[in-house]
Every structure is written in C-alpha cells, then in structure tokens.
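What's in upload00.txt: compact mmCIF, C-alpha atoms
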```
# COMPACT_ATOMS: atom_id res chain seq x y z
CA LEU J 1 -28.46 33.53 22.18
CA LEU J 2 -25.04 33.57 23.81
CA GLN J 3 -23.68 36.85 25.11
CA GLU J 4 -20.76 38.38 23.21
CA ARG J 5 -18.18 37.40 25.85
CA HIS J 6 -19.49 33.83 25.82
CA GLN J 7 -19.27 33.73 22.02
CA ASP J 8 -15.72 35.07 22.17
CA ALA J 9 -14.69 32.42 24.70
CA LEU J 10 -16.32 29.67 22.66
CA SER J 11 -14.73 30.98 19.45
CA LYS J 12 -11.26 30.82 21.04
CA ALA J 13 -11.98 27.32 22.34
CA CYS J 14 -13.03 26.26 18.82
CA GLY J 15 -9.86 27.81 17.44
CA ILE J 16 -7.66 25.87 19.86
CA CYS J 17 -9.47 22.61 19.06
CA VAL J 18 -9.16 23.14 15.30
CA LEU J 19 -5.47 23.99 15.72
CA PHE J 20 -4.84 20.68 17.46
CA ILE J 21 -6.94 18.75 14.92
CA GLY J 22 -4.71 20.20 12.21
CA ILE J 23 -1.51 19.53 14.16
CA ALA J 24 -2.52 15.94 14.90
CA GLY J 25 -3.41 15.22 11.28
CA ALA J 26 -0.20 16.73 9.93
CA MET J 27 2.10 15.13 12.51
CA GLU J 28 0.50 11.73 11.94
CA LYS J 29 1.73 11.85 8.34
CA MET J 30 4.99 13.74 8.85
CA LEU J 31 6.39 11.73 11.75
CA THR J 32 7.22 8.01 11.67
CA VAL J 33 9.00 5.68 14.06
CA THR J 34 12.04 4.03 12.44
CA ASP J 35 14.27 1.70 14.46
CA GLY J 36 12.89 3.14 17.68
CA ALA J 37 13.60 6.74 16.62
CA LEU J 38 11.11 9.45 15.62
CA VAL J 39 11.80 10.50 12.04
CA GLY J 40 10.27 13.49 10.27
CA GLY J 41 9.42 13.75 6.59
CA GLY J 42 7.21 15.44 4.06
CA SER J 43 8.39 18.96 4.91
CA LEU J 44 9.61 19.67 1.38
CA LEU J 45 6.33 18.55 -0.14
CA VAL J 46 4.31 20.70 2.29
CA ILE J 47 6.44 23.77 1.55
CA ALA J 48 6.31 23.26 -2.22
CA SER J 49 2.57 22.53 -2.19
CA LEU J 50 1.64 25.54 -0.06
CA ALA J 51 3.95 27.88 -1.98
CA THR J 52 2.77 26.92 -5.47
CA GLY J 53 -0.84 26.30 -4.44
CA GLY J 54 -1.01 29.53 -2.44
CA LEU J 55 0.34 31.54 -5.38
CA LEU J 56 -2.17 29.96 -7.76
CA GLY J 57 -5.00 30.57 -5.28
CA GLU J 58 -4.03 34.23 -4.91
CA MET J 59 -4.02 34.62 -8.69
CA LEU J 60 -7.49 33.06 -8.89
CA ASN J 61 -8.63 34.89 -5.72
CA ILE J 62 -10.60 31.85 -4.57
CA GLU J 63 -11.41 33.24 -1.12
CA ASP J 64 -13.16 36.26 -2.61
CA LYS J 65 -15.33 34.01 -4.77
CA ILE J 66 -16.27 31.78 -1.81
CA GLU J 67 -17.09 34.84 0.29
CA ARG J 68 -19.27 36.21 -2.51
CA PHE J 69 -21.07 32.86 -2.64
CA GLY J 70 -21.51 33.11 1.12
CA GLY J 71 -22.92 36.61 0.67
CA TRP J 72 -25.37 35.28 -1.92
CA LEU J 73 -26.46 32.54 0.50
CA LYS J 74 -26.87 35.14 3.24
CA GLU J 75 -29.09 37.23 0.98
CA LYS J 76 -31.20 34.25 -0.06
CA ALA J 77 -31.55 33.14 3.57
CA GLY J 78 -32.61 36.65 4.57
CA SER J 79 -30.07 36.61 7.40
CA LYS J 80 -28.93 39.77 9.20
CA ASP J 81 -26.10 37.93 10.96
CA SER J 82 -22.88 39.95 10.62
CA ARG J 83 -20.75 36.78 10.92
CA PHE J 84 -22.73 34.70 8.42
CA ILE J 85 -20.01 34.66 5.74
CA GLU J 86 -17.21 34.05 8.26
CA ALA J 87 -19.16 31.15 9.77
CA PHE J 88 -19.91 29.67 6.34
CA VAL J 89 -16.30 29.86 5.11
CA SER J 90 -14.65 28.67 8.36
CA THR J 91 -17.01 25.73 8.87
CA SER J 92 -16.88 24.68 5.21
CA LEU J 93 -13.08 24.63 5.20
CA THR J 94 -12.89 22.74 8.49
CA ILE J 95 -15.21 19.90 7.46
CA CYS J 96 -14.37 19.73 3.74
CA ILE J 97 -10.56 19.50 3.94
CA GLY J 98 -9.57 16.01 4.95
CA ALA J 99 -8.90 12.50 3.76
CA MET J 100 -12.19 11.08 5.07
CA ALA J 101 -14.24 13.13 2.60
CA ILE J 102 -12.11 11.93 -0.33
CA VAL J 103 -11.63 8.29 0.68
CA GLY J 104 -15.22 7.93 1.91
CA SER J 105 -16.63 9.33 -1.32
CA MET J 106 -14.44 7.03 -3.41
CA LYS J 107 -15.52 3.99 -1.38
CA ASP J 108 -19.13 5.02 -1.90
CA GLY J 109 -18.65 5.48 -5.65
CA ILE J 110 -16.58 2.36 -6.33
CA LEU J 111 -17.69 -0.12 -3.66
CA HIS J 112 -21.12 1.42 -2.91
CA ASP J 113 -20.07 1.54 0.74
CA PRO J 114 -21.07 4.86 2.35
CA SER J 115 -20.09 3.80 5.88
CA MET J 116 -17.10 6.16 6.09
CA LEU J 117 -19.25 9.08 4.94
CA TYR J 118 -21.78 8.23 7.65
CA THR J 119 -18.98 8.19 10.22
CA LYS J 120 -17.68 11.53 8.95
CA ALA J 121 -21.19 13.03 9.17
CA ILE J 122 -21.41 11.96 12.82
CA LEU J 123 -17.99 13.50 13.53
CA ASP J 124 -18.89 16.70 11.67
CA LEU J 125 -22.17 17.22 13.54
CA PRO J 126 -20.71 18.49 16.85
CA ILE J 127 -18.26 20.71 14.94
CA VAL J 128 -21.10 22.35 13.00
CA MET J 129 -23.20 22.70 16.16
CA VAL J 130 -20.41 24.46 18.05
CA PHE J 131 -19.58 26.73 15.09
CA THR J 132 -23.29 27.59 14.79
CA ALA J 133 -23.50 28.48 18.48
CA THR J 134 -20.32 30.53 18.19
CA MET J 135 -20.68 32.35 14.85
CA GLY J 136 -24.28 31.91 13.75
CA ILE J 137 -26.41 30.07 11.20
CA GLY J 138 -23.91 30.58 8.39
CA ALA J 139 -22.19 27.43 9.68
CA LEU J 140 -25.24 25.34 8.77
CA PHE J 141 -24.82 26.22 5.09
CA SER J 142 -21.48 24.39 5.04
CA ALA J 143 -23.65 21.40 4.12
CA ILE J 144 -23.75 22.75 0.55
CA PRO J 145 -20.00 22.59 -0.26
CA ILE J 146 -19.58 19.25 1.51
CA LEU J 147 -22.45 17.76 -0.53
CA LEU J 148 -20.94 19.17 -3.74
CA LEU J 149 -17.48 17.85 -2.85
CA GLU J 150 -18.50 14.39 -1.70
CA GLY J 151 -21.13 14.03 -4.42
CA GLY J 152 -18.69 15.09 -7.12
CA ILE J 153 -15.96 12.69 -5.96
CA THR J 154 -18.51 9.85 -5.68
CA LEU J 155 -19.62 10.43 -9.27
CA LEU J 156 -16.00 10.62 -10.49
CA ALA J 157 -14.74 7.78 -8.26
CA SER J 158 -14.08 5.36 -11.12
CA VAL J 159 -11.97 8.00 -12.89
CA LEU J 160 -10.09 9.08 -9.77
CA ALA J 161 -9.39 5.52 -8.59
CA GLY J 162 -6.22 5.25 -10.65
CA VAL J 163 -4.95 8.63 -9.44
CA MET J 164 -5.79 8.52 -5.73
CA THR J 165 -3.05 6.15 -4.59
CA ASP J 166 -2.27 5.62 -0.91
CA ALA J 167 0.66 8.04 -1.23
CA VAL J 168 -1.51 10.74 -2.81
CA ILE J 169 -4.20 10.37 -0.13
CA ALA J 170 -1.57 10.49 2.63
CA ASN J 171 -0.07 13.70 1.23
CA LEU J 172 -3.51 15.22 0.68
CA SER J 173 -4.31 14.50 4.32
CA MET J 174 -1.01 16.03 5.45
CA VAL J 175 -1.41 19.26 3.47
CA GLY J 176 -5.13 19.40 4.29
CA SER J 177 -4.31 19.17 8.00
CA VAL J 178 -1.94 22.13 7.66
CA LEU J 179 -4.80 24.10 6.06
CA ILE J 180 -7.12 23.09 8.92
CA PHE J 181 -4.45 24.42 11.31
CA CYS J 182 -4.65 27.74 9.43
CA VAL J 183 -8.44 27.79 9.93
CA GLY J 184 -7.77 27.45 13.65
CA ILE J 185 -5.40 30.41 13.48
CA ASN J 186 -8.19 32.51 11.94
CA LEU J 187 -10.53 31.58 14.78
CA PHE J 188 -7.99 32.21 17.52
CA CYS J 189 -5.80 35.07 16.30
CA PRO J 190 -6.60 38.65 15.24
CA PHE J 191 -4.86 38.38 11.85
CA HIS J 192 -6.40 36.52 8.90
CA VAL J 193 -4.91 33.73 6.79
CA LYS J 194 -6.60 33.38 3.40
CA VAL J 195 -7.01 29.62 3.69
CA ALA J 196 -9.36 29.32 0.71
CA ASN J 197 -6.66 30.83 -1.51
CA MET J 198 -4.38 27.99 -0.40
CA LEU J 199 -6.79 25.24 -1.49
CA PRO J 200 -4.91 24.61 -4.79
CA ALA J 201 -2.13 23.26 -2.53
CA LEU J 202 -4.19 20.05 -2.38
CA ILE J 203 -3.92 19.73 -6.16
CA THR J 204 -0.23 20.57 -6.27
CA ALA J 205 0.39 18.08 -3.45
CA SER J 206 -1.17 15.34 -5.60
CA ILE J 207 0.94 16.31 -8.61
CA LEU J 208 4.15 16.60 -6.58
CA THR J 209 3.55 13.13 -5.10
CA PHE J 210 4.05 11.61 -8.55
CA ILE J 211 6.97 13.91 -9.42
CA MET J 212 8.84 13.45 -6.12
```
As structure tokens, how would this structure be written, given the file I've shared?
Amino acid sequence: LLQERHQDALSKACGICVLFIGIAGAMEKMLTVTDGALVGGGSLLVIASLATGGLLGEMLNIEDKIERFGGWLKEKAGSKDSRFIEAFVSTSLTICIGAMAIVGSMKDGILHDPSMLYTKAILDLPIVMVFTATMGIGALFSAIPILLLEGGITLLASVLAGVMTDAVIANLSMVGSVLIFCVGINLFCPFHVKVANMLPALITASILTFIM
C-alpha cells in the first residue's frame, strides 16, 4: 500500500490530469477557427444547462443517493476503506460522463459495432488503476454504473437514434467535459463540488439544443 503522503501526491496528480481532460473536452467544442480567428461559442448553453440541471439535481439530491448506493456496495464488499465511497463516486463520474460512452453504445445497439466501447474500455483502464491506487478499491466498482449506462443506451439505441443528433452529442460532450473538470476540482481542492447533483445538466443540454 502507498504511504499517505504518496497517496496525497498521486491524488493531486490525478486531479490535475482530470482538470485538463475536462478543459480539453470543453474547449474542443467551445472554440472554433473561423477565417483564421479563434471564435468562442456555447457559453450560454453551458450556463443555462448547469444552472437548470444543477437546480434540478439539488432538488432530487442525486449525490446523496449515489453515495448511499456506494455505502451499500461498501457494506456488501465488506470493505473498511474510509475512502471507498469517494473513490466509487469520483471514478464513476470521470469514466461515465463523456460522448464516447453515448456514441459507442449507440453504435453497438444500432450497427452492432462495439469497437468504440472497446477503445473506451482501454482508455478507462489506466484511469481506474490510478484511482484505485490513490483512493482504494471503491474505484473498481465504477464498473457497475458504466455497465448500466452503456447497456441501457445500447438497448435503447433505436429509440435514441432520432434524438441524439450530432449537435446534441456535441453539446453533451461539452457540458460533460465541464462536469469532468469539476471532478478534478474535487480531487485537487479542499472544497467539494456536488458534481452528481449537476448530472441533469446533460439532459437540459439536450433539450436546450433543440430549443436554441
């Protein structure tokens, strides 16, 4: 096992990496090159999505429910790890929020092509390994929500195909990257952002794409 100071250093390193993953994903969608100039966009949608989604998430208290599920998993696993729930929630949010999970699952459901999901699994593996080394075995249980998410979207792919346009997926990726950035803040900073309570922002982003 790593010593506490090693875990702290690794946790901060993970936080920095997750911050930049979120920044890169958001900036990729928000910035475009037009006539040789860098042009920004999507700010209004991000603000509206996070504001309305965050309010809805607070009303539903999603984070508390996910933490209780993490506590149930901890009990069933017989773990004494004090950071089990934190590891489960942080890792789950990091690997579940993103366009690859949605697009890959839809390709698997509609075209029976799981190649993107395989690629995502390979990319997720080192993230889970580092989170496990940093925060404990709770990170390994992030496999449960990702299986539920990807499996559910795969089963509903034919229904979602008409809704998940390129614009919707782009905006989902943009807002999801901002949420990943918030996960990085939680790993790096002493204060806590209730990222799970902001998950409805992904739904409001999809709705606002059609409205705006």
Two-atom distance - atom CA of Glu86 of chain J, atom CA of Pro200 of chain J (Å)
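Distance reported for this atom pair: 20.3 Å.
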Write out as a compact mmCIF listing (two decimals) with C-alpha atoms, keeping the file's coordinate frame which residues come within 10 Å of segment 60-64 of chain J when counting only C-alpha atoms, dropping same-chain ones fewer than 2 positions away.
```
# COMPACT_ATOMS: atom_id res chain seq x y z
CA GLY J 54 -1.01 29.53 -2.44
CA LEU J 55 0.34 31.54 -5.38
CA LEU J 56 -2.17 29.96 -7.76
CA GLY J 57 -5.00 30.57 -5.28
CA GLU J 58 -4.03 34.23 -4.91
CA ILE J 66 -16.27 31.78 -1.81
CA GLU J 67 -17.09 34.84 0.29
CA ARG J 68 -19.27 36.21 -2.51
CA PHE J 69 -21.07 32.86 -2.64
CA GLY J 70 -21.51 33.11 1.12
CA VAL J 89 -16.30 29.86 5.11
CA LYS J 194 -6.60 33.38 3.40
CA VAL J 195 -7.01 29.62 3.69
CA ALA J 196 -9.36 29.32 0.71
CA ASN J 197 -6.66 30.83 -1.51
CA MET J 198 -4.38 27.99 -0.40
CA LEU J 199 -6.79 25.24 -1.49
CA PRO J 200 -4.91 24.61 -4.79
```
So what do you get for atom CA of Gly176 of chain J versus atom CA of Phe84 of chain J, distance-wise?
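Atom-to-atom, atom CA of Gly176 of chain J and atom CA of Phe84 of chain J are spaced 23.7 Å apart.
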Please identify every residue of segment 72-107 of chain J that has at least one atom no farther than 8 Å from an atom of segment 142-163 of chain J, counting all atoms listed in the file, and for each give the shortest atom pair and the distance in Å to one decimal, arranged by chain then increasing number, as a tab-separated table.
```
residue	atom	partner	partner_atom	distance
J:Phe88	CA	J:Ser142	CA	5.7
J:Val89	CA	J:Ser142	CA	7.5
J:Thr91	CA	J:Ser142	CA	6.0
J:Ser92	CA	J:Ser142	CA	4.6
J:Ile95	CA	J:Ile146	CA	7.4
J:Cys96	CA	J:Ile146	CA	5.7
J:Ala101	CA	J:Glu150	CA	6.2
J:Ile102	CA	J:Ile153	CA	6.9
J:Ser105	CA	J:Thr154	CA	4.8
J:Met106	CA	J:Ala157	CA	4.9
J:Lys107	CA	J:Thr154	CA	7.9
```
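If you measure from each of J:Gly136, J:Gly109, J:Gly53, J:Gly71 to Leu208 of chain J using all atoms listed in the file, the closest one turns out to be J:Gly53.
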Figure out the distance between atom CA of Trp72 of chain J and atom CA of Ser90 of chain J, please, to one decimal in Å.
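Result for atom CA of Ser90 of chain J versus atom CA of Trp72 of chain J: 16.3 Å, one decimal.
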Selected residue of minimal separation from Phe141 of chain J among J:Asn171, J:Phe181, J:Val128, J:Asp113, counting all atoms listed in the file:
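Nearest candidate to Phe141 of chain J out of J:Asn171, J:Phe181, J:Val128, J:Asp113: J:Val128.
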Hey, what's within 6 Å of Gly184 of chain J if we count all atoms listed in the file and toss same-chain stuff fewer than 6 positions away? As number ranges by chain, please?
J: 15, 18-19
I need the residues from that last selection saved to file as an mmCIF file, in the coordinates of the input (with C-alpha atoms), if you can.
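The resulting out.cif:
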```cif
data_model
loop_
_atom_site.group_PDB
_atom_site.id
_atom_site.type_symbol
_atom_site.label_atom_id
_atom_site.label_comp_id
_atom_site.auth_asym_id
_atom_site.auth_seq_id
_atom_site.Cartn_x
_atom_site.Cartn_y
_atom_site.Cartn_z
ATOM 1 C CA GLY J 15 -9.860 27.810 17.440
ATOM 2 C CA VAL J 18 -9.160 23.140 15.300
ATOM 3 C CA LEU J 19 -5.470 23.990 15.720
#
```
All residues 12 Å or closer to Ile211 of chain J, only C-alpha atoms, same chain fewer than 4 positions away omitted, as a PyMOL selection string:
chain J and resi 45+48+167-168+204-207
Kindly provide, as lines of an AutoDock Vina configuration file, the centre and edge lengths (Å, one decimal) of an axis-aligned box around all atoms of segment 30-47 of chain J given in the file, with 8 Å on each side.
```
center_x = 9.3
center_y = 12.7
center_z = 8.8
size_x = 26.0
size_y = 38.1
size_z = 33.8
```
Using all atoms listed in the file, which of J:Val46, J:Cys182, J:Met59, J:Ile110 sits nearest Cys17 of chain J?
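With all atoms listed in the file as the atom set, the closest residue is J:Cys182.
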Using all atoms listed in the file, what table do you get, as a Markdown table, when you list each residue of segment 62-118 of chain J with an atom no more than 12 Å from segment 21-29 of chain J, its nearest pair of atoms, and their distance in Å rounded to one decimal, rows by chain then rising number?
```
| residue | atom | partner | partner_atom | distance |
| --- | --- | --- | --- | --- |
| J:Leu93 | CA | J:Gly22 | CA | 11.8 |
| J:Thr94 | CA | J:Gly22 | CA | 9.3 |
| J:Ile95 | CA | J:Ile21 | CA | 11.2 |
| J:Ile97 | CA | J:Gly22 | CA | 10.2 |
| J:Gly98 | CA | J:Gly25 | CA | 8.9 |
| J:Ala99 | CA | J:Gly25 | CA | 9.7 |
| J:Met100 | CA | J:Gly25 | CA | 11.5 |
```
Return the single residue from J:Leu38, J:Met30, J:Ala87, J:Ile16 that is closest to Met135 of chain J, with distances computed using only C-alpha atoms.
J:Ala87
